[in-house]
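Asks: Below is one structure. I have some questions about it.
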Amino acid sequence: MEFKFGIEGGNFSKAGSASSEVKKILKQLNVNPKIIKRTVVSLYEAEVNVVAHAFEGNMNVEIDPEKIVVKIEDKGPGIPDINQAMQEGYSTATPQVREMGFGAGMGLPNIKRNSDQMNISSTVDVGTQVEIINYLS
Amino acid sequence: MVKVADVVDKLNARVICGECDLNQEVQFGFASDLMSDVLTIDTENLLLITGLNNLQTIRTSEMSDISFILFVRDKKVSEEMKQLACENEMTLIECGHSMFRACSALNDIGLKPVY
Ligand SMILES: Nc1ncnc2c1ncn2[C@@H]1O[C@H](COP(=O)(O)OP(=O)(O)OP(=O)(O)O)[C@@H](O)[C@H]1O
Ligand SMILES: [Mg+2]
């Protein structure tokens, strides 16, 4: 199965709607609730990152009986130093993002913790791609 | 374990939605205005205590399987938040206490910290 959702940069009232759709699908497929939670927390962190830090993006979801593979790609400023961005506490979030309850620099490390595989690549002034793979059993 | 109805009584709180789940019990409390922190918690049976009243509070709880949210400092739940919470079968309650007072009172009736 394949699904694709759009993500709008800057639009916090819609942030999480893509991850929410994926959660509904995984529930319908009767995936183990612990795996659902790990997966949707990862997706939501990545989705909020697009909203908070980039201009626009999308979420591509592929589900087969063994695994779920999700690619979140955006057009945006990109990440100059991925190792630094992966450190807990590192954040360039604006005051507006912090007012929304984000910007602690916990998102990327939390994706790593909640996924079986995480791949991230980024080009400055072009955009960022995050791939999240979780096995379903 | 603490009955959600006892949380409501103890804090003189208002139930905004999810009245039918007041007989359920919660074991742990986690207090934060920072959703980044909430997303790192993997405890079940949790009451989220927060002063952040926007849609992302509900979204974060949806992703984290949190079904009970207490808003402190008289923060009001918006119509949009209420709707999203109802769709996800969450119970929302509001109280006028500060975060510290609410946590202290809930500690007294046996709600446990996550760490
Ligand atoms: N999609 C993205 N585009 C551009 N920069 C990003 C993107 N995702 C992350 N970053 C950069 O990496 C930093 C760390 O990201 P991370 O998700 O860990 O923390 P945060 O988003 O700042 O705060 P939190 O996730 O705790 O709310 C961000 O502050 C930002 O500088
Ligand atoms: Mg983030």
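Letters for chains follow the order of the structure tokens (A, B, ...), residue numbers begin at 1 for each chain, and ligand numbers begin at 1 in the order shown.
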For ligand 1, collect every residue having any atom at a distance of at most 9 Å from a ligand atom (counting only C-alpha atoms and all ligand atoms); output as number ranges by chain.
Replies: A: 45-55, 57, 72-82, 84-94, 97-98, 101-111, 122, 124, 127-130; B: 34-37, 39
Asks: Quick one: residues within 10 Å of Phe28 (chain B), only C-alpha atoms, excluding same-chain residues fewer than 3 positions away - as a VMD selection string?
Replies: chain B and resid 1 to 2 25 43 to 48 106 to 107 110 to 115
Asks: Where in chain A does DSSP assign helix (DSSP H, G or I), given as an MDAnalysis selection string?
Replies: chainID A and resid 17:28 33:53 82:85 95:99 107:114
Asks: I'd like to know which residues of region 7-102 of chain B are strand (DSSP E) (by DSSP, run on the backbone); could you write them as JSON, numbers by chain?
Replies: {"B": [14, 15, 16, 17, 25, 26, 28, 29, 30, 31, 46, 47, 48, 49, 50, 68, 69, 70, 71, 91, 92, 93, 94]}
Asks: Which residue out of B:Asn53, B:Thr60, B:Gln24, B:Thr40 has the minimum interatomic distance to Val77 (chain B) when only C-alpha atoms are used?
Replies: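 Between B:Asn53, B:Thr60, B:Gln24, B:Thr40, the residue approaching Val77 (chain B) most closely is B:Asn53.
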Asks: Tell me which of A:Glu62, A:Glu21, A:Glu8, A:Asp116 sits closest to chain B, counting only C-alpha atoms.
Replies: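 Using only C-alpha atoms, chain B sits closest to A:Glu21.
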Asks: Find the residues in chain B near chain A: any atom within 12 Å counts, using only C-alpha atoms. Write them as a ChimeraX atom specification.
Replies: /B:32-44,50-66,80-81,84,87-88
Asks: Store the residues picked out above in a file with N, CA, C and O atoms, as a CSV table (one decimal), in the first residue's frame.
Replies:
```csv
chain,number,residue,atom,x,y,z
B,32,SER,N,3.9,19.4,31.8
B,32,SER,CA,4.8,20.1,30.9
B,32,SER,C,4.0,21.0,30.0
B,32,SER,O,2.9,20.7,29.5
B,33,ASP,N,4.6,22.2,29.6
B,33,ASP,CA,4.0,23.0,28.6
B,33,ASP,C,4.8,22.7,27.3
B,33,ASP,O,4.5,23.4,26.3
B,34,LEU,N,5.7,21.8,27.3
B,34,LEU,CA,6.6,21.6,26.1
B,34,LEU,C,6.2,20.2,25.5
B,34,LEU,O,6.5,19.2,26.1
B,35,MET,N,5.6,20.3,24.3
B,35,MET,CA,5.2,19.1,23.7
B,35,MET,C,6.4,18.2,23.3
B,35,MET,O,6.3,17.0,23.2
B,36,SER,N,7.5,18.9,23.0
B,36,SER,CA,8.8,18.1,22.7
B,36,SER,C,9.1,17.1,23.8
B,36,SER,O,9.5,16.0,23.5
B,37,ASP,N,8.9,17.5,25.0
B,37,ASP,CA,9.1,16.6,26.2
B,37,ASP,C,8.1,15.5,26.3
B,37,ASP,O,8.4,14.4,26.5
B,38,VAL,N,6.8,15.9,26.1
B,38,VAL,CA,5.7,14.9,26.2
B,38,VAL,C,6.0,13.8,25.2
B,38,VAL,O,5.7,12.6,25.5
B,39,LEU,N,6.5,14.1,24.0
B,39,LEU,CA,6.7,13.1,23.0
B,39,LEU,C,7.8,12.1,23.3
B,39,LEU,O,7.9,11.1,22.6
B,40,THR,N,8.6,12.4,24.3
B,40,THR,CA,9.6,11.5,24.7
B,40,THR,C,9.2,10.5,25.8
B,40,THR,O,9.9,9.6,26.2
B,41,ILE,N,7.9,10.6,26.3
B,41,ILE,CA,7.4,9.8,27.4
B,41,ILE,C,6.8,8.5,26.8
B,41,ILE,O,6.0,8.7,25.9
B,42,ASP,N,7.2,7.4,27.3
B,42,ASP,CA,6.4,6.2,26.8
B,42,ASP,C,5.8,5.4,27.9
B,42,ASP,O,5.8,4.2,27.9
B,43,THR,N,5.1,6.2,28.8
B,43,THR,CA,4.4,5.6,29.9
B,43,THR,C,2.9,5.5,29.5
B,43,THR,O,2.3,6.4,28.9
B,44,GLU,N,2.3,4.4,29.9
B,44,GLU,CA,0.8,4.2,29.6
B,44,GLU,C,0.1,4.7,30.9
B,44,GLU,O,0.7,4.9,31.9
B,50,THR,N,-1.0,20.3,31.7
B,50,THR,CA,-0.3,21.3,30.9
B,50,THR,C,-1.0,22.7,30.9
B,50,THR,O,-2.2,22.8,31.2
B,51,GLY,N,-0.3,23.7,30.6
B,51,GLY,CA,-0.9,25.0,30.4
B,51,GLY,C,-0.9,25.5,29.0
B,51,GLY,O,-1.2,26.6,28.6
B,52,LEU,N,-0.5,24.5,28.1
B,52,LEU,CA,-0.4,24.9,26.7
B,52,LEU,C,-1.7,24.5,26.0
B,52,LEU,O,-2.1,23.3,25.9
B,53,ASN,N,-2.5,25.5,25.6
B,53,ASN,CA,-3.8,25.2,25.0
B,53,ASN,C,-3.8,25.5,23.6
B,53,ASN,O,-4.4,26.6,23.1
B,54,ASN,N,-3.2,24.7,22.8
B,54,ASN,CA,-3.4,24.8,21.3
B,54,ASN,C,-3.7,23.4,20.7
B,54,ASN,O,-3.6,22.4,21.4
B,55,LEU,N,-3.9,23.4,19.4
B,55,LEU,CA,-4.2,22.1,18.8
B,55,LEU,C,-3.1,21.1,18.9
B,55,LEU,O,-3.4,19.9,19.0
B,56,GLN,N,-1.9,21.6,19.0
B,56,GLN,CA,-0.8,20.6,19.1
B,56,GLN,C,-0.7,19.8,20.4
B,56,GLN,O,-0.2,18.8,20.5
B,57,THR,N,-1.4,20.4,21.4
B,57,THR,CA,-1.5,19.7,22.7
B,57,THR,C,-2.3,18.4,22.4
B,57,THR,O,-2.0,17.3,22.9
B,58,ILE,N,-3.4,18.6,21.6
B,58,ILE,CA,-4.3,17.4,21.3
B,58,ILE,C,-3.6,16.5,20.4
B,58,ILE,O,-3.6,15.2,20.6
B,59,ARG,N,-2.9,17.0,19.3
B,59,ARG,CA,-2.2,16.2,18.4
B,59,ARG,C,-1.1,15.3,19.1
B,59,ARG,O,-1.0,14.1,18.8
B,60,THR,N,-0.4,16.0,19.9
B,60,THR,CA,0.7,15.3,20.6
B,60,THR,C,0.1,14.2,21.5
B,60,THR,O,0.7,13.1,21.5
B,61,SER,N,-1.0,14.4,22.1
B,61,SER,CA,-1.6,13.4,22.9
B,61,SER,C,-2.1,12.3,22.1
B,61,SER,O,-2.0,11.1,22.5
B,62,GLU,N,-2.7,12.6,20.9
B,62,GLU,CA,-3.1,11.6,20.0
B,62,GLU,C,-2.0,10.7,19.6
B,62,GLU,O,-2.1,9.4,19.7
B,63,MET,N,-0.9,11.2,19.2
B,63,MET,CA,0.3,10.4,18.8
B,63,MET,C,0.8,9.6,20.0
B,63,MET,O,1.3,8.5,19.8
B,64,SER,N,0.8,10.1,21.2
B,64,SER,CA,1.4,9.5,22.4
B,64,SER,C,0.4,8.6,23.1
B,64,SER,O,0.7,8.1,24.2
B,65,ASP,N,-0.8,8.4,22.6
B,65,ASP,CA,-1.8,7.6,23.2
B,65,ASP,C,-2.2,8.1,24.6
B,65,ASP,O,-2.4,7.3,25.6
B,66,ILE,N,-2.2,9.4,24.8
B,66,ILE,CA,-2.6,10.0,26.1
B,66,ILE,C,-4.1,10.3,25.9
B,66,ILE,O,-4.5,11.1,25.0
B,80,GLU,N,-12.1,24.0,18.4
B,80,GLU,CA,-11.3,23.1,17.5
B,80,GLU,C,-10.6,22.0,18.3
B,80,GLU,O,-10.6,20.8,17.9
B,81,MET,N,-10.0,22.4,19.4
B,81,MET,CA,-9.3,21.4,20.3
B,81,MET,C,-10.3,20.4,20.8
B,81,MET,O,-10.1,19.2,20.8
B,84,LEU,N,-11.3,17.9,18.0
B,84,LEU,CA,-10.2,16.9,17.7
B,84,LEU,C,-10.1,15.9,18.9
B,84,LEU,O,-9.9,14.7,18.7
B,87,GLU,N,-13.0,13.4,18.6
B,87,GLU,CA,-12.7,12.4,17.6
B,87,GLU,C,-11.8,11.3,18.1
B,87,GLU,O,-11.9,10.2,17.7
B,88,ASN,N,-10.9,11.7,19.0
B,88,ASN,CA,-9.9,10.7,19.5
B,88,ASN,C,-10.3,10.1,20.9
B,88,ASN,O,-9.5,9.6,21.6
```
Asks: One number please: CA of Ala18 (chain A) to CA of Ser137 (chain A), in Å, one decimal.
Replies: 23.0 Å
Asks: Nearest to Asn134 (chain A) among A:Gly10, A:Asn58, A:Ile35, A:Lys71, with distances taken over only C-alpha atoms: which residue is it?
Replies: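 Answer, going by the shortest atom-to-atom distance: A:Ile35.
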Asks: Residues at most 12 Å from region 4-14 of chain B, counting only C-alpha atoms, excluding those fewer than 5 positions away in the same chain, as number ranges by chain?
Replies: B: 19-29, 45-49, 67-77, 90-99, 101-111
Asks: So what do you get for CA of Ile25 (chain A) versus CA of Asn119 (chain A), distance-wise?
Replies: 23.1 Å
Asks: Would you compute the distance between CA of Ser78 (chain B) and CA of Gln96 (chain A)? Give it in Å to one decimal.
Replies: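 Answer for the CA of Ser78 (chain B) to CA of Gln96 (chain A) separation: 19.3 Å.
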